[in-house]
$ cat protein.csv   # CSV, C-alpha atoms
chain,number,residue,atom,x,y,z
J,1,MET,CA,-161.8,-75.9,52.5
J,2,ASN,CA,-163.0,-74.6,49.1
J,3,THR,CA,-162.7,-76.5,45.8
J,4,GLN,CA,-159.7,-74.4,44.7
J,5,GLU,CA,-157.8,-75.2,48.0
J,6,ARG,CA,-158.6,-78.9,47.7
J,7,GLU,CA,-157.3,-79.0,44.1
J,8,SER,CA,-154.1,-77.1,45.2
J,9,LYS,CA,-153.6,-79.6,48.0
J,10,ASP,CA,-154.4,-82.8,46.0
J,11,THR,CA,-152.6,-81.9,42.7
J,12,PRO,CA,-148.9,-81.8,43.6
J,13,PRO,CA,-148.3,-85.6,44.3
J,14,SER,CA,-149.3,-86.5,40.7
J,15,ILE,CA,-147.2,-83.7,39.3
J,16,THR,CA,-144.2,-84.8,41.3
J,17,LEU,CA,-144.5,-88.4,40.1
J,18,ALA,CA,-144.8,-87.3,36.5
J,19,GLY,CA,-141.8,-84.9,37.0
J,20,GLU,CA,-139.3,-87.6,37.8
J,21,SER,CA,-138.2,-87.9,34.2
J,22,GLY,CA,-136.8,-85.4,31.8
J,23,GLY,CA,-133.7,-83.2,31.4
J,24,ILE,CA,-131.8,-80.4,33.1
J,25,GLU,CA,-134.7,-78.0,32.5
J,26,ARG,CA,-136.7,-79.8,35.2
J,27,LEU,CA,-133.9,-79.6,37.8
J,28,PRO,CA,-135.0,-76.4,39.6
J,29,GLY,CA,-138.5,-77.7,40.1
J,30,ARG,CA,-137.2,-81.1,41.3
J,31,LEU,CA,-134.8,-79.5,43.8
J,32,GLU,CA,-137.6,-77.3,45.2
J,33,ARG,CA,-140.0,-80.3,45.6
J,34,TYR,CA,-137.2,-82.5,47.1
J,35,ALA,CA,-136.4,-79.7,49.6
J,36,GLN,CA,-140.0,-79.5,50.7
J,37,MET,CA,-140.1,-83.2,51.2
J,38,HIS,CA,-136.9,-83.3,53.2
J,39,THR,CA,-138.2,-80.5,55.3
J,40,ARG,CA,-141.3,-82.5,56.1
J,41,ALA,CA,-139.1,-85.6,56.9
J,42,LEU,CA,-137.2,-83.4,59.4
J,43,MET,CA,-140.5,-82.3,61.0
J,44,MET,CA,-141.4,-85.9,61.4
J,45,SER,CA,-138.0,-86.6,62.9
J,46,GLU,CA,-138.6,-83.9,65.5
J,47,TYR,CA,-142.0,-85.4,66.3
J,48,ILE,CA,-140.5,-88.8,66.9
J,49,ARG,CA,-138.0,-87.2,69.2
J,50,SER,CA,-140.9,-86.1,71.4
J,51,LEU,CA,-142.0,-89.7,71.8
J,52,PRO,CA,-140.8,-92.2,74.4
J,53,SER,CA,-137.1,-92.9,73.7
J,54,SER,CA,-136.2,-96.2,72.2
J,55,LYS,CA,-133.4,-97.7,70.0
J,56,GLU,CA,-135.9,-98.3,67.2
J,57,ASN,CA,-137.1,-94.7,67.2
J,58,LEU,CA,-133.5,-93.3,67.3
J,59,GLU,CA,-132.7,-95.5,64.2
J,60,ILE,CA,-135.8,-94.2,62.4
J,61,ARG,CA,-134.8,-90.6,63.2
J,62,LYS,CA,-131.2,-91.2,62.0
J,63,ARG,CA,-132.5,-92.5,58.7
J,64,LEU,CA,-134.9,-89.6,58.2
J,65,HIS,CA,-132.2,-87.1,58.9
J,66,ASN,CA,-129.8,-88.6,56.4
J,67,CYS,CA,-132.4,-89.2,53.7
J,68,GLY,CA,-132.0,-86.6,51.0
J,69,ASN,CA,-129.1,-84.8,52.7
J,70,TYR,CA,-127.3,-84.9,49.4
J,71,LEU,CA,-128.4,-85.6,45.8
J,72,HIS,CA,-125.9,-86.6,43.1
J,73,PHE,CA,-127.4,-86.0,39.7
J,74,ARG,CA,-125.8,-87.0,36.4
J,75,ASP,CA,-126.8,-84.9,33.4
J,76,TYR,CA,-126.5,-86.8,30.1
J,77,TYR,CA,-126.7,-83.6,28.1
J,78,THR,CA,-126.5,-85.2,24.6
J,79,VAL,CA,-129.8,-87.0,25.2
J,80,ASN,CA,-131.4,-84.5,27.7
J,81,GLN,CA,-131.7,-87.0,30.5
J,82,LEU,CA,-131.0,-86.0,34.2
J,83,ARG,CA,-130.6,-89.0,36.5
J,84,LEU,CA,-130.4,-89.1,40.3
J,85,ILE,CA,-127.7,-91.8,40.5
J,86,ARG,CA,-126.8,-91.5,44.2
J,87,ALA,CA,-128.5,-90.5,47.4
J,88,ASP,CA,-128.9,-91.9,50.9
J,89,PHE,CA,-132.6,-93.0,50.8
J,90,CYS,CA,-134.1,-94.1,54.1
J,91,LYS,CA,-136.8,-96.3,52.4
J,92,GLN,CA,-139.4,-95.4,55.0
J,93,HIS,CA,-142.0,-94.3,52.4
J,94,LEU,CA,-144.9,-94.0,54.8
J,95,ILE,CA,-143.2,-91.3,56.8
J,96,CYS,CA,-140.7,-89.9,54.2
J,97,PRO,CA,-142.3,-88.2,51.2
J,98,LEU,CA,-139.1,-88.2,49.2
J,99,CYS,CA,-138.8,-92.0,49.3
J,100,ALA,CA,-142.6,-92.2,48.6
J,101,LEU,CA,-142.1,-90.1,45.5
J,102,ARG,CA,-139.2,-92.2,44.2
J,103,ARG,CA,-141.0,-95.5,45.0
J,104,GLY,CA,-144.2,-94.3,43.3
J,105,ALA,CA,-142.3,-93.3,40.2
J,106,ARG,CA,-140.7,-96.8,40.0
J,107,PHE,CA,-144.1,-98.4,40.3
J,108,VAL,CA,-145.5,-96.2,37.5
J,109,GLU,CA,-142.5,-97.0,35.3
J,110,LYS,CA,-142.7,-100.8,35.7
J,111,TYR,CA,-146.4,-101.1,35.5
J,112,MET,CA,-146.5,-99.0,32.3
J,113,GLU,CA,-144.0,-101.4,30.8
J,114,ARG,CA,-146.3,-104.3,31.5
J,115,VAL,CA,-149.3,-102.4,30.2
J,116,ASN,CA,-147.6,-101.7,26.9
J,117,GLN,CA,-146.7,-105.4,26.7
J,118,VAL,CA,-150.4,-106.4,27.5
J,119,GLY,CA,-151.6,-104.1,24.8
J,120,GLN,CA,-149.5,-105.7,22.2
J,121,GLU,CA,-150.5,-109.2,23.2
J,122,ASN,CA,-154.2,-108.6,23.6
J,123,GLY,CA,-154.9,-106.2,20.7
J,124,GLY,CA,-155.8,-103.2,22.9
J,125,PHE,CA,-158.1,-102.5,25.9
J,126,MET,CA,-159.9,-99.7,27.7
J,127,SER,CA,-158.4,-98.2,30.9
J,128,TYR,CA,-160.5,-97.2,34.0
J,129,LEU,CA,-159.7,-95.7,37.4
J,130,VAL,CA,-162.0,-97.6,39.8
J,131,THR,CA,-162.4,-96.3,43.4
J,132,LEU,CA,-164.0,-98.3,46.2
J,133,THR,CA,-164.7,-97.0,49.7
J,134,VAL,CA,-166.0,-98.2,53.0
J,135,LYS,CA,-167.7,-96.3,55.8
J,136,ASP,CA,-165.5,-94.0,58.0
J,137,GLY,CA,-164.6,-95.3,61.4
J,138,PRO,CA,-162.5,-94.3,64.5
J,139,ASP,CA,-160.2,-97.4,64.4
J,140,LEU,CA,-157.7,-97.3,61.5
J,141,GLU,CA,-156.7,-101.0,61.8
J,142,GLU,CA,-160.3,-102.2,62.0
J,143,ARG,CA,-161.2,-100.1,58.9
J,144,PHE,CA,-158.2,-101.4,57.0
J,145,ASN,CA,-159.0,-105.0,57.8
J,146,HIS,CA,-162.6,-104.4,56.7
J,147,LEU,CA,-161.6,-102.8,53.4
J,148,HIS,CA,-158.8,-105.4,52.8
J,149,GLY,CA,-161.2,-108.3,53.5
J,150,SER,CA,-163.9,-106.8,51.3
J,151,TYR,CA,-161.5,-106.3,48.4
J,152,ARG,CA,-160.2,-109.9,48.8
J,153,GLU,CA,-163.7,-111.2,48.7
J,154,MET,CA,-164.3,-109.3,45.4
J,155,ARG,CA,-161.2,-110.8,43.8
J,156,LYS,CA,-162.2,-114.2,45.1
J,157,ALA,CA,-165.6,-113.8,43.4
J,158,ARG,CA,-163.9,-112.8,40.2
J,159,LYS,CA,-161.7,-115.9,40.3
J,160,ASN,CA,-164.7,-118.2,41.1
J,161,ALA,CA,-166.6,-116.8,38.2
J,162,GLU,CA,-163.7,-117.5,35.8
J,163,THR,CA,-163.8,-121.2,36.9
J,164,GLY,CA,-167.6,-121.4,36.6
J,165,LEU,CA,-168.3,-121.6,40.3
J,166,ARG,CA,-170.6,-118.6,40.3
J,167,GLY,CA,-171.9,-115.9,37.9
J,168,THR,CA,-169.7,-113.1,36.7
J,169,ILE,CA,-169.3,-109.8,38.4
J,170,GLU,CA,-168.2,-106.4,37.0
J,171,MET,CA,-164.6,-107.2,38.0
J,172,ASN,CA,-164.6,-110.0,35.4
J,173,LYS,CA,-164.7,-107.3,32.7
J,174,ALA,CA,-161.1,-106.5,33.7
J,175,ILE,CA,-158.3,-108.6,32.2
J,176,GLY,CA,-156.1,-107.3,34.9
J,177,GLY,CA,-155.5,-104.4,37.3
J,178,VAL,CA,-153.6,-103.0,40.2
J,179,ALA,CA,-154.9,-101.3,43.3
J,180,SER,CA,-153.5,-99.3,46.3
J,181,TYR,CA,-155.0,-98.5,49.7
J,182,GLU,CA,-155.4,-94.9,50.8
J,183,PHE,CA,-156.2,-93.4,54.1
J,184,LYS,CA,-157.1,-90.0,55.4
J,185,ARG,CA,-159.4,-88.3,57.8
J,186,GLY,CA,-163.0,-87.8,56.5
J,187,SER,CA,-163.7,-84.1,55.9
J,188,GLY,CA,-167.1,-84.4,57.7
J,189,SER,CA,-166.6,-87.2,60.2
J,190,GLY,CA,-163.0,-86.6,61.3
J,191,MET,CA,-162.7,-90.4,61.4
J,192,TRP,CA,-160.5,-92.6,59.2
J,193,HIS,CA,-161.7,-92.7,55.6
J,194,PRO,CA,-160.1,-95.7,53.9
J,195,HIS,CA,-160.5,-96.3,50.1
J,196,ILE,CA,-159.0,-98.1,47.2
J,197,HIS,CA,-157.8,-96.6,43.9
J,198,SER,CA,-157.3,-99.1,41.2
J,199,VAL,CA,-156.6,-99.3,37.5
J,200,TRP,CA,-158.7,-101.9,35.5
J,201,LEU,CA,-157.8,-102.9,32.0
J,202,CYS,CA,-161.1,-103.9,30.3
J,203,LYS,CA,-162.5,-105.1,27.0
J,204,GLU,CA,-165.9,-103.9,28.1
J,205,GLU,CA,-166.8,-100.8,30.2
J,206,PRO,CA,-167.7,-101.6,33.8
J,207,ASP,CA,-171.2,-100.6,34.9
J,208,PRO,CA,-170.9,-98.3,38.0
J,209,ALA,CA,-174.5,-99.0,39.2
J,210,ARG,CA,-174.0,-102.8,39.2
J,211,LEU,CA,-170.5,-102.4,40.7
J,212,ALA,CA,-172.1,-100.3,43.5
J,213,ARG,CA,-174.6,-103.0,44.3
J,214,GLU,CA,-172.0,-105.8,44.3
J,215,TRP,CA,-169.7,-103.8,46.5
J,216,GLN,CA,-172.5,-103.1,49.0
J,217,ALA,CA,-173.4,-106.8,49.1
J,218,ILE,CA,-169.7,-107.5,50.0
J,219,THR,CA,-169.0,-104.7,52.5
J,220,GLY,CA,-172.4,-104.4,54.1
J,221,ASP,CA,-171.8,-100.7,54.7
J,222,SER,CA,-170.8,-99.0,51.5
J,223,TYR,CA,-172.1,-98.6,48.0
J,224,ILE,CA,-169.9,-95.5,47.1
J,225,VAL,CA,-167.8,-96.4,44.0
J,226,ASP,CA,-166.5,-94.5,41.1
J,227,VAL,CA,-165.5,-95.6,37.5
J,228,THR,CA,-163.6,-93.0,35.5
J,229,PRO,CA,-162.2,-93.8,32.0
J,230,PHE,CA,-158.7,-92.6,31.1
J,231,HIS,CA,-158.1,-94.3,27.7
J,232,ASP,CA,-156.5,-91.3,26.1
J,233,ASP,CA,-154.0,-90.7,29.0
J,234,PRO,CA,-152.9,-94.2,30.2
J,235,VAL,CA,-150.3,-92.8,32.6
J,236,SER,CA,-152.8,-90.6,34.6
J,237,GLY,CA,-154.6,-93.5,36.3
J,238,PHE,CA,-151.3,-95.1,37.4
J,239,LEU,CA,-150.1,-91.8,38.8
J,240,GLU,CA,-153.3,-91.6,40.9
J,241,VAL,CA,-152.9,-95.2,42.1
J,242,PHE,CA,-149.2,-95.0,43.0
J,243,ARG,CA,-149.2,-91.7,44.7
J,244,TYR,CA,-150.9,-93.4,47.7
J,245,ALA,CA,-147.8,-93.1,49.9
J,246,LEU,CA,-147.5,-89.4,49.1
J,247,LYS,CA,-150.9,-88.9,50.6
J,248,PHE,CA,-149.5,-89.7,54.0
J,249,SER,CA,-147.6,-86.5,54.0
J,250,ASP,CA,-150.9,-84.6,53.6
J,251,MET,CA,-151.9,-85.7,57.1
J,252,GLU,CA,-151.1,-84.0,60.3
J,253,ILE,CA,-147.8,-85.4,61.6
J,254,PRO,CA,-149.3,-87.3,64.6
J,255,ASP,CA,-151.8,-88.9,62.2
J,256,ASN,CA,-149.1,-89.7,59.7
J,257,TRP,CA,-147.0,-91.4,62.4
J,258,THR,CA,-150.0,-93.4,63.8
J,259,ALA,CA,-151.0,-94.6,60.3
J,260,ALA,CA,-147.4,-95.6,59.5
J,261,GLN,CA,-147.2,-97.7,62.7
J,262,VAL,CA,-150.5,-99.4,62.0
J,263,LEU,CA,-149.8,-100.1,58.3
J,264,LYS,CA,-146.0,-100.6,58.1
J,265,SER,CA,-146.3,-104.3,57.9
J,266,ARG,CA,-149.3,-104.3,55.5
J,267,ARG,CA,-149.2,-104.8,51.8
J,268,LEU,CA,-150.8,-101.7,50.4
J,269,VAL,CA,-150.5,-102.5,46.6
J,270,ALA,CA,-152.3,-105.5,45.1
J,271,ALA,CA,-152.5,-106.6,41.5
J,272,PHE,CA,-154.6,-109.2,39.6
J,273,GLY,CA,-154.9,-110.8,36.2
J,274,CYS,CA,-152.4,-109.7,33.6
J,275,LEU,CA,-150.8,-107.1,35.9
J,276,TYR,CA,-150.0,-109.7,38.6
J,277,GLY,CA,-146.4,-110.4,39.3
J,278,VAL,CA,-144.8,-107.1,38.1
J,279,LYS,CA,-141.4,-106.8,39.7
J,280,VAL,CA,-140.5,-103.4,41.0
J,281,PRO,CA,-136.9,-102.9,42.1
J,282,ASP,CA,-136.2,-101.9,45.6
J,283,ARG,CA,-133.4,-99.5,44.4
J,284,LEU,CA,-134.6,-95.8,44.4
J,285,GLU,CA,-131.7,-94.4,42.5
J,286,ASP,CA,-131.7,-94.1,38.7
J,287,GLU,CA,-129.5,-96.4,36.7
J,288,PRO,CA,-126.6,-94.6,35.0
J,289,LEU,CA,-126.4,-94.7,31.2
J,290,GLU,CA,-123.5,-96.5,29.7
J,291,ASP,CA,-121.0,-94.9,27.3
J,292,MET,CA,-122.7,-91.5,27.3
J,293,PRO,CA,-121.0,-88.1,28.1
J,294,TYR,CA,-122.3,-86.5,31.2
J,295,VAL,CA,-121.8,-83.7,33.8
J,296,ASP,CA,-122.1,-84.5,37.5
J,297,ARG,CA,-124.0,-82.2,39.8
J,298,LEU,CA,-124.0,-82.5,43.6
J,299,TYR,CA,-126.5,-80.8,45.9
J,300,ARG,CA,-126.7,-80.7,49.7
J,301,TYR,CA,-129.6,-79.7,51.8
J,302,HIS,CA,-129.1,-76.4,53.7
J,303,ILE,CA,-131.1,-76.7,56.9
J,304,ARG,CA,-131.4,-72.9,57.5
J,305,ALA,CA,-132.5,-72.1,54.0
J,306,LYS,CA,-134.6,-75.2,53.7
J,307,ALA,CA,-133.3,-75.6,50.2
J,308,TYR,CA,-130.6,-77.4,48.2
J,309,GLU,CA,-127.3,-75.7,47.5
J,310,PHE,CA,-124.8,-76.7,44.8
J,311,VAL,CA,-121.6,-78.3,46.0
J,312,PRO,CA,-118.7,-77.9,43.6
J,313,LEU,CA,-116.9,-81.2,43.8
J,314,GLN,CA,-114.9,-83.3,41.3
J,315,GLY,CA,-114.8,-87.1,41.1
J,316,ASP,CA,-116.5,-89.9,42.9
J,317,LYS,CA,-113.9,-90.0,45.7
J,318,ALA,CA,-114.6,-86.4,46.7
J,319,ILE,CA,-118.3,-87.1,46.6
J,320,HIS,CA,-118.0,-90.2,48.8
J,321,ALA,CA,-115.7,-88.3,51.2
J,322,ARG,CA,-118.1,-85.4,51.6
J,323,VAL,CA,-121.1,-87.8,52.1
J,324,ALA,CA,-119.2,-89.8,54.8
J,325,VAL,CA,-118.4,-86.6,56.7
J,326,ASP,CA,-122.0,-85.3,56.5
J,327,LYS,CA,-123.5,-88.6,57.6
J,328,LYS,CA,-121.0,-88.9,60.5
J,329,ARG,CA,-121.9,-85.4,61.7
J,330,VAL,CA,-125.7,-86.0,61.5
J,331,ASN,CA,-125.5,-89.4,63.4
J,332,HIS,CA,-123.2,-87.9,66.1
J,333,SER,CA,-125.6,-85.0,66.6
J,334,LEU,CA,-128.6,-87.4,66.9
J,335,GLU,CA,-126.7,-89.5,69.5
J,336,ASP,CA,-125.9,-86.4,71.5
J,337,GLU,CA,-129.6,-85.3,71.4
J,338,ASN,CA,-130.7,-88.8,72.6
J,339,ILE,CA,-128.2,-88.8,75.5
J,340,SER,CA,-129.2,-85.3,76.7
J,341,LYS,CA,-132.9,-85.9,76.4

$ encode --input "protein.csv" --output "structure tokens"
Amino acid sequence: MNTQERESKDTPPSITLAGESGGIERLPGRLERYAQMHTRALMMSEYIRSLPSSKENLEIRKRLHNCGNYLHFRDYYTVNQLRLIRADFCKQHLICPLCALRRGARFVEKYMERVNQVGQENGGFMSYLVTLTVKDGPDLEERFNHLHGSYREMRKARKNAETGLRGTIEMNKAIGGVASYEFKRGSGSGMWHPHIHSVWLCKEEPDPARLAREWQAITGDSYIVDVTPFHDDPVSGFLEVFRYALKFSDMEIPDNWTAAQVLKSRRLVAAFGCLYGVKVPDRLEDEPLEDMPYVDRLYRYHIRAKAYEFVPLQGDKAIHARVAVDKKRVNHSLEDENISK
């Protein structure tokens, strides 16, 4: 794969996270991205259908089928804000790119609120995207445990240095940060390549060479790290960190399913210092604006066209009625498939 192809493959997740806000002018692009994501979810659903039948797998398939079937937008045209106020999200973000997108956007929103607060309280700081890796390996769970344990040791060393139990490390230059775990197949090895992307808020610039030595001492098998400043664009680092779940949809579907089963009970986002304790709501829909004029727009996924079509409905009752009918039809179809399999 050449550099241009890699950039084309890696760029869309960040763009989609950034594109979750704005007005009606962004609606065509959002609908196109959402359709691609729902199409991917249906492909995953078909793959699950090929696996040994179980009640759990049938439930997962139902939720994937229903997720993103309809989208109810509210266009607050006087303030140019388009909000997705109703949809049937499955909240299986490791196998559903639409839920991964909405979840990632929520994380960026809430962590940027905390960053702005920290900046006001601390008189400013410098922002860095810090990447930590470990050696590739064939066993995803073993590699995750190694990466997770190593990162936990680094945070423990930082905390011990703060209390005078040991000397400082490069992580002590950060007043806070947040990290996510990412996984993919190594381009050369074909084995699992786990790594961490994190945002560090610092008063002093981290030294990459010293960080590499510290990381090798902790992991025993890796010194590959990267420190990239993004002071002038504070959102970009958070977009990179919180697009982690979108990366799962870049995998081959069998790998995506395997990774989701291994990691579904794992905590894949970890914060420390001044960014610890940020509360991110579980709700993936946008909150409606109060006392503002609006126009409702309802779209339904068309399975043959693999695109969203406009549905001319009026009033919430009509919307709820159509949604109930669609969900009943999808669930009934899935049950028939399961019986005939």

$ atom_distance --input "protein.csv" --atom1 "CA of Leu94 in chain J" --atom2 "CA of Ala259 in chain J"
8.2 Å

$ atom_distance --input "protein.csv" --atom1 "CA of Arg143 in chain J" --atom2 "CA of Ile169 in chain J"
24.1 Å

$ residues_around --input "protein.csv" --residues "Pro138 in chain J" --least-positions-apart "6" --cutoff "12 Å" --atoms "all atoms listed in the file" --output "mmCIF file with C-alpha atoms, in the frame of the given file"
data_model
loop_
_atom_site.group_PDB
_atom_site.id
_atom_site.type_symbol
_atom_site.label_atom_id
_atom_site.label_comp_id
_atom_site.auth_asym_id
_atom_site.auth_seq_id
_atom_site.Cartn_x
_atom_site.Cartn_y
_atom_site.Cartn_z
ATOM 1 C CA PHE J 144 -158.200 -101.400 57.000
ATOM 2 C CA LYS J 184 -157.100 -90.000 55.400
ATOM 3 C CA ARG J 185 -159.400 -88.300 57.800
ATOM 4 C CA GLY J 186 -163.000 -87.800 56.500
ATOM 5 C CA SER J 189 -166.600 -87.200 60.200
ATOM 6 C CA GLY J 190 -163.000 -86.600 61.300
ATOM 7 C CA MET J 191 -162.700 -90.400 61.400
ATOM 8 C CA TRP J 192 -160.500 -92.600 59.200
ATOM 9 C CA HIS J 193 -161.700 -92.700 55.600
ATOM 10 C CA PRO J 194 -160.100 -95.700 53.900
#

$ closest_atom_pairs --input "protein.csv" --of "range 167-261 of chain J" --to "range 103-106 of chain J" --cutoff "8 Å" --atoms "all atoms listed in the file" --output "CSV"
residue,atom,partner,partner_atom,distance
J:Leu239,CA,J:Gly104,CA,7.8
J:Phe242,CA,J:Gly104,CA,5.1
J:Arg243,CA,J:Gly104,CA,5.8
J:Ala245,CA,J:Gly104,CA,7.6

$ residues_around --input "protein.csv" --residues "range 42-59 of chain J" --least-positions-apart "5" --cutoff "7 Å" --atoms "all atoms listed in the file" --output "count of residues only"
3

$ residues_around --input "protein.csv" --residues "range 145-154 of chain J" --least-positions-apart "2" --cutoff "10 Å" --atoms "all atoms listed in the file" --output "JSON, numbers by chain"
{"J": [132, 133, 134, 135, 140, 141, 142, 143, 156, 157, 158, 159, 160, 169, 170, 171, 179, 181, 194, 195, 196, 214, 215, 216, 217, 218, 219, 220, 266, 267, 268, 270]}

$ atom_distance --input "protein.csv" --atom1 "CA of Ile24 in chain J" --atom2 "CA of Leu82 in chain J"
5.8 Å

$ closest_residue --input "protein.csv" --among "J:Trp257, J:Phe125, J:Tyr76, J:Phe310" --to "Ala41 in chain J" --atoms "only C-alpha atoms"
J:Trp257

$ residues_around --input "protein.csv" --residues "Tyr244 in chain J" --least-positions-apart "2" --cutoff "7 Å" --atoms "all atoms listed in the file" --output "PyMOL selection string"
chain J and resi 180-182+241-242+246-247

$ closest_residue --input "protein.csv" --among "J:Ser249, J:Gln120, J:Asn66, J:Ser21" --to "Gln81 in chain J" --atoms "all atoms listed in the file"
J:Ser21

$ closest_residue --input "protein.csv" --among "J:Leu129, J:Leu98, J:Ala271, J:Val118" --to "Asp226 in chain J" --atoms "all atoms listed in the file"
J:Leu129

$ closest_residue --input "protein.csv" --among "J:Arg297, J:Arg30, J:Arg155, J:Arg166" --to "Ile85 in chain J" --atoms "only C-alpha atoms"
J:Arg297
